[in-house]
$ cat protein-v8.tsv   # TSV, N, CA and C atoms
chain	number	residue	atom	x	y	z
B	321	MET	N	7.90	-0.91	-20.07
B	321	MET	CA	8.44	-1.68	-18.96
B	321	MET	C	7.74	-1.26	-17.66
B	322	SER	N	7.42	-2.22	-16.86
B	322	SER	CA	6.68	-1.98	-15.62
B	322	SER	C	7.57	-1.35	-14.55
B	323	VAL	N	7.00	-0.41	-13.82
B	323	VAL	CA	7.68	0.13	-12.64
B	323	VAL	C	7.18	-0.58	-11.39
B	324	ASN	N	6.25	-1.51	-11.59
B	324	ASN	CA	5.64	-2.23	-10.47
B	324	ASN	C	6.40	-3.52	-10.20
B	325	PRO	N	6.93	-3.66	-8.98
B	325	PRO	CA	7.72	-4.86	-8.66
B	325	PRO	C	6.94	-6.16	-8.88
B	326	LYS	N	7.64	-7.13	-9.41
B	326	LYS	CA	7.04	-8.44	-9.71
B	326	LYS	C	6.77	-9.25	-8.45
B	327	ASP	N	7.41	-8.89	-7.32
B	327	ASP	CA	7.24	-9.68	-6.10
B	327	ASP	C	6.11	-9.17	-5.21
B	328	CYS	N	5.23	-8.33	-5.77
B	328	CYS	CA	4.08	-7.82	-5.03
B	328	CYS	C	2.78	-8.25	-5.69
B	329	ARG	N	1.71	-8.16	-4.95
B	329	ARG	CA	0.35	-8.34	-5.47
B	329	ARG	C	-0.32	-6.98	-5.40
B	330	TYR	N	-1.33	-6.76	-6.25
B	330	TYR	CA	-1.92	-5.43	-6.40
B	330	TYR	C	-3.44	-5.49	-6.35
B	331	SER	N	-4.02	-4.47	-5.68
B	331	SER	CA	-5.47	-4.37	-5.60
B	331	SER	C	-5.97	-3.36	-6.63
B	332	LYS	N	-7.26	-3.43	-6.92
B	332	LYS	CA	-7.87	-2.47	-7.84
B	332	LYS	C	-7.86	-1.07	-7.26
B	333	THR	N	-7.71	-0.94	-5.94
B	333	THR	CA	-7.67	0.37	-5.30
B	333	THR	C	-6.23	0.88	-5.17
B	334	HIS	N	-5.29	0.22	-5.84
B	334	HIS	CA	-3.91	0.67	-6.01
B	334	HIS	C	-3.03	0.52	-4.77
B	335	GLU	N	-3.36	-0.42	-3.89
B	335	GLU	CA	-2.44	-0.78	-2.82
B	335	GLU	C	-1.59	-1.95	-3.31
B	336	TRP	N	-0.36	-2.03	-2.82
B	336	TRP	CA	0.50	-3.18	-3.10
B	336	TRP	C	0.73	-3.96	-1.80
B	337	PHE	N	0.97	-5.25	-1.98
B	337	PHE	CA	1.13	-6.18	-0.87
B	337	PHE	C	2.33	-7.07	-1.15
B	338	LYS	N	3.35	-6.96	-0.32
B	338	LYS	CA	4.54	-7.81	-0.47
B	338	LYS	C	4.48	-8.87	0.61
B	339	ILE	N	4.44	-10.13	0.19
B	339	ILE	CA	4.21	-11.25	1.09
B	339	ILE	C	5.52	-11.96	1.42
B	340	ASP	N	5.75	-12.19	2.71
B	340	ASP	CA	6.91	-12.95	3.18
B	340	ASP	C	6.40	-13.88	4.27
B	341	GLY	N	5.96	-15.08	3.86
B	341	GLY	CA	5.33	-16.00	4.81
B	341	GLY	C	4.00	-15.43	5.24
B	342	ASN	N	3.82	-15.24	6.56
B	342	ASN	CA	2.57	-14.64	7.03
B	342	ASN	C	2.73	-13.14	7.31
B	343	LEU	N	3.88	-12.58	6.95
B	343	LEU	CA	4.10	-11.14	7.09
B	343	LEU	C	3.82	-10.46	5.75
B	344	VAL	N	3.05	-9.39	5.80
B	344	VAL	CA	2.68	-8.68	4.58
B	344	VAL	C	2.96	-7.20	4.78
B	345	THR	N	3.78	-6.63	3.89
B	345	THR	CA	4.04	-5.20	3.89
B	345	THR	C	3.09	-4.57	2.89
B	346	ILE	N	2.51	-3.42	3.27
B	346	ILE	CA	1.49	-2.77	2.45
B	346	ILE	C	1.88	-1.32	2.19
B	347	GLY	N	1.62	-0.87	0.97
B	347	GLY	CA	1.81	0.53	0.59
B	347	GLY	C	0.89	0.84	-0.57
B	348	ILE	N	1.08	2.03	-1.16
B	348	ILE	CA	0.32	2.35	-2.37
B	348	ILE	C	1.28	2.38	-3.55
B	349	THR	N	0.73	2.18	-4.73
B	349	THR	CA	1.55	2.09	-5.93
B	349	THR	C	2.03	3.45	-6.40
B	350	ARG	N	3.02	3.41	-7.26
B	350	ARG	CA	3.55	4.63	-7.88
B	350	ARG	C	2.43	5.37	-8.61
B	351	PHE	N	1.56	4.61	-9.31
B	351	PHE	CA	0.43	5.21	-10.02
B	351	PHE	C	-0.44	6.01	-9.05
B	352	ALA	N	-0.79	5.42	-7.91
B	352	ALA	CA	-1.64	6.09	-6.92
B	352	ALA	C	-0.94	7.33	-6.37
B	353	ALA	N	0.34	7.22	-6.06
B	353	ALA	CA	1.09	8.36	-5.53
B	353	ALA	C	1.13	9.49	-6.56
B	354	ASP	N	1.32	9.15	-7.83
B	354	ASP	CA	1.35	10.16	-8.89
B	354	ASP	C	-0.01	10.82	-9.06
B	355	GLU	N	-1.08	10.04	-8.95
B	355	GLU	CA	-2.43	10.59	-9.07
B	355	GLU	C	-2.75	11.55	-7.93
B	356	LEU	N	-2.29	11.22	-6.73
B	356	LEU	CA	-2.54	12.08	-5.57
B	356	LEU	C	-1.72	13.37	-5.62
B	357	THR	N	-0.64	13.38	-6.32
B	357	THR	CA	0.36	14.45	-6.39
B	357	THR	C	1.06	14.58	-5.03
B	358	ASP	N	1.23	15.78	-4.52
B	358	ASP	CA	2.05	16.00	-3.33
B	358	ASP	C	1.34	15.52	-2.06
B	359	ILE	N	1.83	14.40	-1.51
B	359	ILE	CA	1.23	13.82	-0.31
B	359	ILE	C	1.68	14.62	0.91
B	360	THR	N	0.69	15.01	1.72
B	360	THR	CA	0.96	15.89	2.87
B	360	THR	C	0.76	15.21	4.22
B	361	PHE	N	0.04	14.08	4.26
B	361	PHE	CA	-0.26	13.42	5.53
B	361	PHE	C	-0.67	11.98	5.29
B	362	VAL	N	-0.18	11.08	6.15
B	362	VAL	CA	-0.57	9.67	6.10
B	362	VAL	C	-1.02	9.27	7.50
B	363	ASP	N	-2.27	8.81	7.62
B	363	ASP	CA	-2.83	8.37	8.90
B	363	ASP	C	-2.85	6.85	8.91
B	364	LEU	N	-2.06	6.26	9.80
B	364	LEU	CA	-1.93	4.81	9.88
B	364	LEU	C	-2.41	4.31	11.23
B	365	PRO	N	-2.86	3.05	11.29
B	365	PRO	CA	-3.32	2.50	12.57
B	365	PRO	C	-2.15	2.22	13.50
B	366	PRO	N	-2.38	2.27	14.80
B	366	PRO	CA	-1.30	1.95	15.74
B	366	PRO	C	-0.93	0.47	15.69
B	367	VAL	N	0.31	0.19	16.05
B	367	VAL	CA	0.76	-1.20	16.17
B	367	VAL	C	-0.18	-1.92	17.13
B	368	GLY	N	-0.55	-3.15	16.78
B	368	GLY	CA	-1.46	-3.94	17.61
B	368	GLY	C	-2.88	-3.92	17.10
B	369	THR	N	-3.19	-3.00	16.19
B	369	THR	CA	-4.54	-2.91	15.62
B	369	THR	C	-4.81	-4.12	14.74
B	370	THR	N	-6.02	-4.64	14.81
B	370	THR	CA	-6.45	-5.71	13.91
B	370	THR	C	-7.15	-5.06	12.72
B	371	ILE	N	-6.69	-5.40	11.51
B	371	ILE	CA	-7.33	-4.88	10.30
B	371	ILE	C	-8.04	-6.02	9.59
B	372	THR	N	-9.05	-5.66	8.80
B	372	THR	CA	-9.91	-6.65	8.14
B	372	THR	C	-9.91	-6.44	6.64
B	373	ALA	N	-9.72	-7.53	5.90
B	373	ALA	CA	-9.71	-7.47	4.44
B	373	ALA	C	-10.97	-6.78	3.93
B	374	GLY	N	-10.77	-5.89	2.95
B	374	GLY	CA	-11.87	-5.16	2.35
B	374	GLY	C	-12.26	-3.90	3.09
B	375	LYS	N	-11.59	-3.63	4.20
B	375	LYS	CA	-11.92	-2.47	5.04
B	375	LYS	C	-10.80	-1.43	5.01
B	376	ARG	N	-11.15	-0.24	5.43
B	376	ARG	CA	-10.22	0.87	5.51
B	376	ARG	C	-9.24	0.63	6.66
B	377	PHE	N	-7.94	0.88	6.43
B	377	PHE	CA	-6.98	0.79	7.53
B	377	PHE	C	-6.30	2.12	7.81
B	378	GLY	N	-6.54	3.11	6.97
B	378	GLY	CA	-5.92	4.40	7.17
B	378	GLY	C	-6.39	5.38	6.11
B	379	GLU	N	-5.69	6.51	6.08
B	379	GLU	CA	-6.07	7.57	5.16
B	379	GLU	C	-4.81	8.27	4.68
B	380	ILE	N	-4.87	8.76	3.44
B	380	ILE	CA	-3.75	9.50	2.88
B	380	ILE	C	-4.28	10.80	2.31
B	381	GLU	N	-3.58	11.89	2.63
B	381	GLU	CA	-4.01	13.21	2.16
B	381	GLU	C	-2.94	13.80	1.27
B	382	SER	N	-3.40	14.54	0.27
B	382	SER	CA	-2.49	15.27	-0.60
B	382	SER	C	-3.07	16.65	-0.85
B	383	VAL	N	-2.34	17.45	-1.59
B	383	VAL	CA	-2.86	18.77	-1.93
B	383	VAL	C	-4.08	18.65	-2.84
B	384	LYS	N	-4.27	17.48	-3.42
B	384	LYS	CA	-5.34	17.25	-4.39
B	384	LYS	C	-6.56	16.55	-3.80
B	385	ALA	N	-6.36	15.60	-2.89
B	385	ALA	CA	-7.47	14.76	-2.41
B	385	ALA	C	-7.11	14.06	-1.11
B	386	THR	N	-8.14	13.53	-0.47
B	386	THR	CA	-7.98	12.63	0.67
B	386	THR	C	-8.56	11.29	0.26
B	387	SER	N	-7.82	10.22	0.48
B	387	SER	CA	-8.27	8.89	0.07
B	387	SER	C	-8.12	7.89	1.19
B	388	ASP	N	-9.04	6.94	1.23
B	388	ASP	CA	-8.93	5.83	2.17
B	388	ASP	C	-7.87	4.85	1.69
B	389	LEU	N	-7.20	4.22	2.64
B	389	LEU	CA	-6.30	3.11	2.37
B	389	LEU	C	-7.06	1.85	2.72
B	390	VAL	N	-7.13	0.90	1.80
B	390	VAL	CA	-7.94	-0.30	1.98
B	390	VAL	C	-7.04	-1.52	1.93
B	391	THR	N	-7.25	-2.43	2.87
B	391	THR	CA	-6.45	-3.65	2.90
B	391	THR	C	-7.18	-4.81	2.21
B	392	SER	N	-6.41	-5.72	1.67
B	392	SER	CA	-6.96	-6.93	1.09
B	392	SER	C	-6.60	-8.16	1.91
B	393	VAL	N	-6.06	-7.93	3.10
B	393	VAL	CA	-5.68	-9.03	3.98
B	393	VAL	C	-6.07	-8.66	5.42
B	394	SER	N	-6.47	-9.66	6.17
B	394	SER	CA	-6.80	-9.46	7.59
B	394	SER	C	-5.60	-9.85	8.43
B	395	GLY	N	-5.45	-9.18	9.56
B	395	GLY	CA	-4.37	-9.52	10.47
B	395	GLY	C	-4.10	-8.41	11.45
B	396	GLN	N	-2.98	-8.53	12.14
B	396	GLN	CA	-2.60	-7.56	13.17
B	396	GLN	C	-1.43	-6.72	12.66
B	397	VAL	N	-1.54	-5.40	12.84
B	397	VAL	CA	-0.46	-4.49	12.47
B	397	VAL	C	0.68	-4.70	13.45
B	398	ILE	N	1.87	-5.06	12.92
B	398	ILE	CA	3.02	-5.28	13.80
B	398	ILE	C	4.05	-4.17	13.66
B	399	GLU	N	3.93	-3.37	12.60
B	399	GLU	CA	4.86	-2.25	12.43
B	399	GLU	C	4.22	-1.22	11.51
B	400	THR	N	4.50	0.05	11.78
B	400	THR	CA	4.12	1.13	10.87
B	400	THR	C	5.40	1.87	10.51
B	401	ASN	N	5.37	2.55	9.39
B	401	ASN	CA	6.54	3.29	8.94
B	401	ASN	C	6.61	4.60	9.72
B	402	PRO	N	7.51	4.71	10.70
B	402	PRO	CA	7.55	5.90	11.55
B	402	PRO	C	7.95	7.16	10.80
B	403	ARG	N	8.65	7.02	9.70
B	403	ARG	CA	9.12	8.18	8.95
B	403	ARG	C	7.99	8.95	8.27
B	404	LEU	N	6.87	8.27	7.99
B	404	LEU	CA	5.79	8.93	7.26
B	404	LEU	C	5.14	10.05	8.06
B	405	ALA	N	5.24	10.02	9.38
B	405	ALA	CA	4.65	11.08	10.21
B	405	ALA	C	5.26	12.44	9.88
B	406	ASN	N	6.56	12.47	9.67
B	406	ASN	CA	7.25	13.73	9.37
B	406	ASN	C	7.69	13.86	7.92
B	407	GLU	N	7.66	12.75	7.19
B	407	GLU	CA	8.11	12.75	5.80
B	407	GLU	C	7.09	12.04	4.89
B	408	PRO	N	5.85	12.53	4.82
B	408	PRO	CA	4.86	11.85	3.99
B	408	PRO	C	5.24	11.82	2.51
B	409	GLU	N	6.11	12.73	2.10
B	409	GLU	CA	6.55	12.77	0.71
B	409	GLU	C	7.35	11.54	0.30
B	410	LEU	N	7.76	10.72	1.27
B	410	LEU	CA	8.44	9.47	0.93
B	410	LEU	C	7.56	8.60	0.06
B	411	VAL	N	6.24	8.70	0.24
B	411	VAL	CA	5.32	7.91	-0.59
B	411	VAL	C	5.42	8.36	-2.04
B	412	ASN	N	5.54	9.67	-2.27
B	412	ASN	CA	5.71	10.18	-3.64
B	412	ASN	C	7.07	9.78	-4.21
B	413	ASN	N	8.10	9.88	-3.39
B	413	ASN	CA	9.47	9.68	-3.87
B	413	ASN	C	9.86	8.22	-4.04
B	414	ASP	N	9.31	7.33	-3.22
B	414	ASP	CA	9.73	5.92	-3.24
B	414	ASP	C	8.60	5.05	-2.69
B	415	SER	N	7.50	4.98	-3.44
B	415	SER	CA	6.29	4.31	-2.94
B	415	SER	C	6.49	2.82	-2.64
B	416	PHE	N	7.41	2.17	-3.34
B	416	PHE	CA	7.63	0.74	-3.12
B	416	PHE	C	8.80	0.46	-2.16
B	417	GLY	N	9.46	1.50	-1.71
B	417	GLY	CA	10.60	1.32	-0.82
B	417	GLY	C	10.40	2.06	0.49
B	418	GLU	N	11.06	3.22	0.62
B	418	GLU	CA	11.00	4.01	1.84
B	418	GLU	C	9.59	4.49	2.18
B	419	GLY	N	8.68	4.48	1.20
B	419	GLY	CA	7.32	4.94	1.42
B	419	GLY	C	6.33	3.85	1.81
B	420	TRP	N	6.83	2.67	2.21
B	420	TRP	CA	5.92	1.60	2.68
B	420	TRP	C	5.12	2.13	3.86
B	421	MET	N	3.97	1.50	4.14
B	421	MET	CA	3.09	2.03	5.18
B	421	MET	C	3.00	1.17	6.43
B	422	ILE	N	2.54	-0.07	6.28
B	422	ILE	CA	2.40	-0.93	7.45
B	422	ILE	C	2.87	-2.34	7.13
B	423	GLU	N	3.20	-3.08	8.21
B	423	GLU	CA	3.47	-4.51	8.10
B	423	GLU	C	2.46	-5.22	8.98
B	424	VAL	N	1.89	-6.27	8.42
B	424	VAL	CA	0.81	-7.00	9.07
B	424	VAL	C	1.19	-8.46	9.23
B	425	ARG	N	0.84	-9.03	10.39
B	425	ARG	CA	0.93	-10.49	10.55
B	425	ARG	C	-0.43	-11.01	10.10
B	426	ALA	N	-0.47	-11.58	8.91
B	426	ALA	CA	-1.73	-11.98	8.29
B	426	ALA	C	-2.29	-13.24	8.90
B	427	THR	N	-3.63	-13.26	9.07
B	427	THR	CA	-4.28	-14.47	9.55
B	427	THR	C	-4.39	-15.48	8.42
B	428	ASP	N	-4.49	-15.00	7.17
B	428	ASP	CA	-4.58	-15.89	6.01
B	428	ASP	C	-3.97	-15.20	4.79
B	429	PRO	N	-2.63	-15.24	4.66
B	429	PRO	CA	-1.99	-14.56	3.54
B	429	PRO	C	-2.41	-15.10	2.17
B	430	SER	N	-2.97	-16.31	2.13
B	430	SER	CA	-3.41	-16.86	0.84
B	430	SER	C	-4.57	-16.06	0.26
B	431	SER	N	-5.23	-15.23	1.09
B	431	SER	CA	-6.31	-14.40	0.57
B	431	SER	C	-5.79	-13.41	-0.47
B	432	LEU	N	-4.49	-13.15	-0.46
B	432	LEU	CA	-3.90	-12.22	-1.43
B	432	LEU	C	-3.67	-12.87	-2.79
B	433	ASN	N	-3.79	-14.19	-2.87
B	433	ASN	CA	-3.58	-14.88	-4.14
B	433	ASN	C	-4.54	-14.42	-5.23
B	434	SER	N	-5.71	-13.91	-4.82
B	434	SER	CA	-6.70	-13.48	-5.81
B	434	SER	C	-6.41	-12.09	-6.36
B	435	LEU	N	-5.42	-11.39	-5.79
B	435	LEU	CA	-5.06	-10.07	-6.29
B	435	LEU	C	-4.25	-10.18	-7.58
B	436	MET	N	-4.08	-9.06	-8.25
B	436	MET	CA	-3.34	-9.03	-9.51
B	436	MET	C	-1.84	-9.14	-9.28
B	437	ASP	N	-1.17	-9.81	-10.21
B	437	ASP	CA	0.28	-9.75	-10.23
B	437	ASP	C	0.66	-8.48	-10.98
B	438	ALA	N	1.95	-8.19	-11.10
B	438	ALA	CA	2.40	-6.94	-11.72
B	438	ALA	C	1.93	-6.81	-13.16
B	439	ASP	N	1.96	-7.90	-13.92
B	439	ASP	CA	1.53	-7.85	-15.32
B	439	ASP	C	0.05	-7.51	-15.44
B	440	ALA	N	-0.77	-8.14	-14.61
B	440	ALA	CA	-2.21	-7.87	-14.64
B	440	ALA	C	-2.50	-6.43	-14.20
B	441	TYR	N	-1.77	-5.96	-13.21
B	441	TYR	CA	-1.95	-4.58	-12.75
B	441	TYR	C	-1.57	-3.59	-13.86
B	442	ASP	N	-0.47	-3.87	-14.53
B	442	ASP	CA	-0.05	-3.02	-15.66
B	442	ASP	C	-1.12	-2.99	-16.75
B	443	ARG	N	-1.72	-4.15	-17.03
B	443	ARG	CA	-2.79	-4.21	-18.05
B	443	ARG	C	-3.99	-3.37	-17.60
B	444	MET	N	-4.35	-3.46	-16.32
B	444	MET	CA	-5.47	-2.67	-15.80
B	444	MET	C	-5.20	-1.16	-15.99
B	445	LEU	N	-3.98	-0.75	-15.67
B	445	LEU	CA	-3.63	0.66	-15.83
B	445	LEU	C	-3.66	1.08	-17.30
B	446	ALA	N	-3.19	0.21	-18.17
B	446	ALA	CA	-3.16	0.53	-19.60
B	446	ALA	C	-4.58	0.65	-20.18
B	447	GLU	N	-5.50	-0.15	-19.65
B	447	GLU	CA	-6.88	-0.11	-20.13
B	447	GLU	C	-7.64	1.09	-19.60
B	448	GLY	N	-7.07	1.75	-18.58
B	448	GLY	CA	-7.68	2.95	-18.03
B	448	GLY	C	-8.81	2.63	-17.14
$ encode --input "protein-v8.tsv" --output "structure tokens"
Amino acid sequence: MSVNPKDCRYSKTHEWFKIDGNLVTIGITRFAADELTDITFVDLPPVGTTITAGKRFGEIESVKATSDLVTSVSGQVIETNPRLANEPELVNNDSFGEGWMIEVRATDPSSLNSLMDADAYDRMLAEG
């Protein structure tokens, strides 16, 4: 059974995107959080920043590695998760809930249609 919510789209770099009209909430998947192990720091762009599909929008650090966060949608950051500054472990504990990272007003949310749905993402993980 999938732990990946059906109402999200997924990138090959393990970010999830929850779409609500032109608003898109972005985080990393449970798989990515588990691979990173204990997350110690999340660097997110300030509200008002314009992000571009296919580009880095932030960085996540753990005791194991530092990884870029990559977006699959372009738009303006309208909110960041303020709790991650002092509680980066929220990403480990609840990656699809309290561990969300940013909310974006997308210029073209349909660009996310090419991403994987939960079933396709699960298949990718199973294939290794």
$ atom_distance --input "protein-v8.tsv" --atom1 "atom CA of Ile398 of chain B" --atom2 "atom CA of Val367 of chain B"
5.2 Å
$ atom_distance --input "protein-v8.tsv" --atom1 "atom C of Glu355 of chain B" --atom2 "atom C of Val390 of chain B"
16.9 Å
$ select_by_dssp --input "protein-v8.tsv" --residues "chain B" --states "strand (DSSP E)" --output "ChimeraX atom specification"
/B:328-330,335-340,343-348,359-363,370-371,376-382,386-390,395-400,422-426
$ atom_distance --input "protein-v8.tsv" --atom1 "atom N of Ser382 of chain B" --atom2 "atom C of Ser394 of chain B"
25.8 Å
$ select_by_dssp --input "protein-v8.tsv" --residues "chain B" --states "helix (DSSP H, G or I)" --output "VMD selection string"
chain B and resid 350 to 356 402 to 405 410 to 413 429 to 434 438 to 447
$ closest_residue --input "protein-v8.tsv" --among "B:Asn324, B:Thr391, B:Thr427, B:Thr369" --to "Leu343 of chain B" --atoms "all atoms listed in the file"
B:Thr427
$ closest_residue --input "protein-v8.tsv" --among "B:Arg376, B:Arg350, B:Lys326, B:Lys332" --to "Ser415 of chain B" --atoms "only N, CA and C atoms"
B:Arg350
$ closest_residue --input "protein-v8.tsv" --among "B:Pro325, B:Ala405, B:Gly417, B:Thr360" --to "Ser387 of chain B" --atoms "only C-alpha atoms"
B:Thr360
